[in-house]
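Novice: Just dropping this structure here.
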Amino acid sequence: MDISEKELFEQKTHKQEHLFRLAVRRIDEIPILKTSTFKIIELANNPDVDIEELALAVEQNPSIVLKLLHLANTAYFRSQSLIICTQDAIVRIGLNKAKSLIVAIAISANFDIDKTTSFDVESHWLESMLTATFCRELSIFYRQDINQNNLVYTIGLLHNLGVFIIASLFPAVFNQLTENHEPLDPVFSDRVKKVFCFSHYQALSWLMRKWSLPEVFYKVIGTLGSSNVFEGDYLCELDVINTSKRLARYLILEDRALNDQSLEHPQLENNDGQFQTILTKTAKDLPALKELAKSF
């Protein structure tokens with residue numbers, strides 16, 4: 001007996017509702033941040049923290065220390081001598097950039113990615129690093145002070161961590177979602193929303209709110225990918241992130257096209273052409289950023 005369109009719709013709706021409830025429950029079951037981790041994030045978001053105080057806090061978490069040392073010794077930070085202690089790593093990286101990287105490392109450490117998933121950790125961090133880099137460069141156009149400059153850099157690093165949530169909690173569903181569209185693709189967020197009734201940005205936003213992270217983090221990230229007009233306090237930050245995401249995607253796709261003649265070169269949006277100087281400058285750093293992405 002043939003299934004009517006109404007029955008198919010009801011089955012699809014029931015499946016969506018089930019996945020929605022299951023996803024919400026699993027996100028809610030993700031443990032709260034450890035006290036030591038929360039302390040590190042709190043210090044990293046303090047504009048007045050000094051290098052010694054931050055280093056002492058980070059050293060309470062060996063896994064963060066290892067990644068930070070690995071990052072400090074990459075070509076991106078022009079390493080000439082081996083860095084072997086946390087404080088020297090922060091100095092080499094630079095206090096403000098180190099704080100952002102420490103927050104990203106601390107939060108991403110809470111997700112276990114199944115090796116059977118199609119999740120590409122290196123590609124994820126390359127896109128995040130590029131987005132953060134463009135955030136830092138573009139914030140100048142908005143006449144933001146140094147704290148805001150660092151703030152949007154941190155959000156750029158964190159903005160796509162919702163993909164970690166989907167990949168770690170639902171590996172099989174994630175593999176289906178990425179069969180034809182990688183997370184870099186703008187439509188990926190829409191595909192996630194069709195399956196779960198919420199985007200991966202919203203999933204991360206909920207978790208950040210649960211963890212009592214700064215309001216600007218979860219409000220800006222939770223708004224990404226939404227067609228609704230944003231009327232909150234962080235319109236400037238949201239604009240910087242959205243523009244930076246587009247530029248990061250363009251640079252990644254252009255790099256692929258340059259290395260594979262069968263691929264079509266991407267097109268810039270009309271309003272992105274004014275940032276050509278920044279694109280050219282960042283493109284020169286792309287090889288070093290790729291190396292940095294491997295270190296996460």
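Quick note on naming: the chains in the structure tokens go A, B, ... in the order shown, residues restart at 1 in each chain, and ligands are numbered from 1 in order of appearance.
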Excluding same-chain residues fewer than 2 positions from Lys193 (chain A), what lies within 12 Å of it counting only C-alpha atoms, as an MDAnalysis selection string?

Specialist: chainID A and resid 16:17 19:20 23 166 177 187:191 195:203 225:226

Novice: Excluding same-chain residues fewer than 5 positions from Leu247 (chain A), what lies within 8 Å of it counting only C-alpha atoms, as a list in words?

Specialist: Thr131, Phe134, Asp272 and Leu279 of chain A

Novice: Write out, as a short mmCIF file (atom, residue, chain, number, x, y, z; two decimals), in the first residue's frame, the residues just selected, with N, CA and C atoms.

Specialist:
data_model
loop_
_atom_site.label_atom_id
_atom_site.label_comp_id
_atom_site.auth_asym_id
_atom_site.auth_seq_id
_atom_site.Cartn_x
_atom_site.Cartn_y
_atom_site.Cartn_z
N THR A 131 39.07 32.63 10.16
CA THR A 131 37.98 33.51 10.58
C THR A 131 38.46 34.43 11.69
N PHE A 134 40.81 37.13 10.28
CA PHE A 134 40.06 38.19 9.61
C PHE A 134 39.31 39.06 10.62
N ASP A 272 32.68 42.55 -0.32
CA ASP A 272 33.91 42.00 0.24
C ASP A 272 35.15 42.47 -0.53
N LEU A 279 42.85 40.28 2.40
CA LEU A 279 42.85 38.94 1.82
C LEU A 279 44.25 38.57 1.32
#

Novice: Measuring between only C-alpha atoms, which one of A:Val91, A:Val121, A:Leu130, A:Val220 shows the shortest distance to Ile51 (chain A)?

Specialist: A:Val91

Novice: Residues at most 12 Å from Leu235 (chain A), counting only C-alpha atoms, excluding those fewer than 3 positions away in the same chain, as a PyMOL selection string?

Specialist: chain A and resi 142+152+216+219-221+223-224+229-232+238-242

Novice: Produce a file of the selected residues containing C-alpha atoms, as a compact mmCIF listing (two decimals), in the first residue's frame.

Specialist:
# COMPACT_ATOMS: atom_id res chain seq x y z
CA TYR A 142 34.96 49.33 13.37
CA VAL A 152 36.12 39.04 18.21
CA VAL A 216 28.68 38.01 24.04
CA LYS A 219 24.50 35.62 21.87
CA VAL A 220 26.67 36.29 18.81
CA ILE A 221 27.29 32.62 17.99
CA THR A 223 22.62 34.28 15.97
CA LEU A 224 24.94 33.04 13.21
CA VAL A 229 17.15 40.56 11.90
CA PHE A 230 19.45 40.94 14.90
CA GLU A 231 18.60 43.85 17.19
CA GLY A 232 20.79 43.10 20.23
CA LEU A 238 28.06 39.78 14.58
CA ASP A 239 28.84 41.76 11.44
CA VAL A 240 32.59 41.20 11.89
CA ILE A 241 32.13 37.44 12.39
CA ASN A 242 29.82 37.02 9.38

Novice: Which polymer residues have any atom within 12 Å of an atom of Lys290 (chain A), counting only C-alpha atoms, with same-chain residues fewer than 4 positions away left out, as a PyMOL selection string?

Specialist: chain A and resi 71+74-76+121-130+252+255+282-286+294-296

Novice: Name the residues in contact with Thr116 (chain A) at a cut-off of 10 Å, using only C-alpha atoms, excluding same-chain residues fewer than 4 positions from it; report them as a list in words.

Specialist: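 That gives Pro171, Ala172 and Asn175 of chain A.
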
Novice: Would you output that residue set with N, CA and C atoms, as a PDB file, in the first residue's frame?

Specialist:
ATOM      1  N   PRO A 171      27.547  10.818  15.581  1.00  0.00           N
ATOM      2  CA  PRO A 171      28.507  10.557  14.494  1.00  0.00           C
ATOM      3  C   PRO A 171      27.866  10.045  13.207  1.00  0.00           C
ATOM      4  N   ALA A 172      26.887   9.143  13.321  1.00  0.00           N
ATOM      5  CA  ALA A 172      26.251   8.584  12.121  1.00  0.00           C
ATOM      6  C   ALA A 172      25.468   9.659  11.370  1.00  0.00           C
ATOM      7  N   ASN A 175      27.856  12.009   9.599  1.00  0.00           N
ATOM      8  CA  ASN A 175      28.363  11.457   8.341  1.00  0.00           C
ATOM      9  C   ASN A 175      27.367  11.655   7.205  1.00  0.00           C
TER      10      ASN A 175
END

Novice: Counting only C-alpha atoms, which residues in region 187-228 of chain A sit no more than 12 Å from region 103-111 of chain A? For each one, give the nearest pair of atoms and the distance in Å, sorted by chain then residue number, as JSON lines.

Specialist:
{"residue": "A:Leu204", "atom": "CA", "partner": "A:Ile107", "partner_atom": "CA", "distance": 10.6}
{"residue": "A:Leu207", "atom": "CA", "partner": "A:Ile107", "partner_atom": "CA", "distance": 10.4}
{"residue": "A:Met208", "atom": "CA", "partner": "A:Ile107", "partner_atom": "CA", "distance": 9.4}
{"residue": "A:Trp211", "atom": "CA", "partner": "A:Ile107", "partner_atom": "CA", "distance": 10.1}
{"residue": "A:Leu213", "atom": "CA", "partner": "A:Ile107", "partner_atom": "CA", "distance": 10.4}
{"residue": "A:Pro214", "atom": "CA", "partner": "A:Val103", "partner_atom": "CA", "distance": 11.8}
{"residue": "A:Phe217", "atom": "CA", "partner": "A:Val103", "partner_atom": "CA", "distance": 11.5}

Novice: Might you pull out every residue within 8 Å of Cys85 (chain A), with only C-alpha atoms counted and same-chain residues fewer than 3 positions away left off, and present them as a PDB file with N, CA and C atoms, in the first residue's frame?

Specialist:
ATOM      1  N   LEU A  69      52.183  24.543  24.053  1.00  0.00           N
ATOM      2  CA  LEU A  69      53.593  24.429  23.698  1.00  0.00           C
ATOM      3  C   LEU A  69      53.753  24.025  22.232  1.00  0.00           C
ATOM      4  N   ASP A  88      56.899  31.000  28.708  1.00  0.00           N
ATOM      5  CA  ASP A  88      57.610  31.352  27.480  1.00  0.00           C
ATOM      6  C   ASP A  88      56.715  31.182  26.257  1.00  0.00           C
ATOM      7  N   ALA A  89      55.849  30.170  26.304  1.00  0.00           N
ATOM      8  CA  ALA A  89      54.918  29.941  25.188  1.00  0.00           C
ATOM      9  C   ALA A  89      53.964  31.121  25.041  1.00  0.00           C
TER      10      ALA A  89
END

Novice: Enumerate the residues of region 27-275 of chain A with a DSSP assignment of alpha helix (DSSP H), computed from the backbone, and present them as an MDAnalysis selection string.

Specialist: chainID A and resid 27:29 35:44 51:58 62:72 86:93 95:108 121:138 146:158 162:169 171:177 188:196 200:210 215:223 235:259

Novice: How far is it from CA of Tyr218 (chain A) to CA of Ile155 (chain A), in Å with one decimal?

Specialist: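 CA of Ile155 (chain A) lies 9.3 Å from CA of Tyr218 (chain A).
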
Novice: Please indicate the distance in Å from CA of Ser212 (chain A) to CA of Gly162 (chain A), rounded to one decimal place.

Specialist: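 So the answer is 16.4 Å.
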
Novice: Quick check, in Å to one decimal: how far apart do CA of Ala257 (chain A) and CA of Ala167 (chain A) lie?

Specialist: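 According to the coordinates, CA of Ala257 (chain A) and CA of Ala167 (chain A) are separated by 27.3 Å.
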
Novice: For Ser36 (chain A), work out the shell of residues within 12 Å, counting only C-alpha atoms and skipping chain neighbours fewer than 2 positions away, then give it as a list of chain:residue names.

Specialist: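 Once the nearby chain positions are removed, what remains is A:Ile32, A:Leu33, A:Lys34, A:Phe38, A:Lys39, A:Ile40, A:Ile41, A:Glu42, A:Leu43, A:Leu54, A:Leu56, A:Ala57, A:Val58, A:Glu59, A:Gln60, A:Asn61, A:Pro62, A:Ile64, A:Ala106.
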
Novice: For each of A:Val65, A:Ala248, A:Leu268, A:Val173, take the minimum atom-to-atom distance to Val192 (chain A), counting only C-alpha atoms, then give the residue where this is smallest.

Specialist: A:Val173
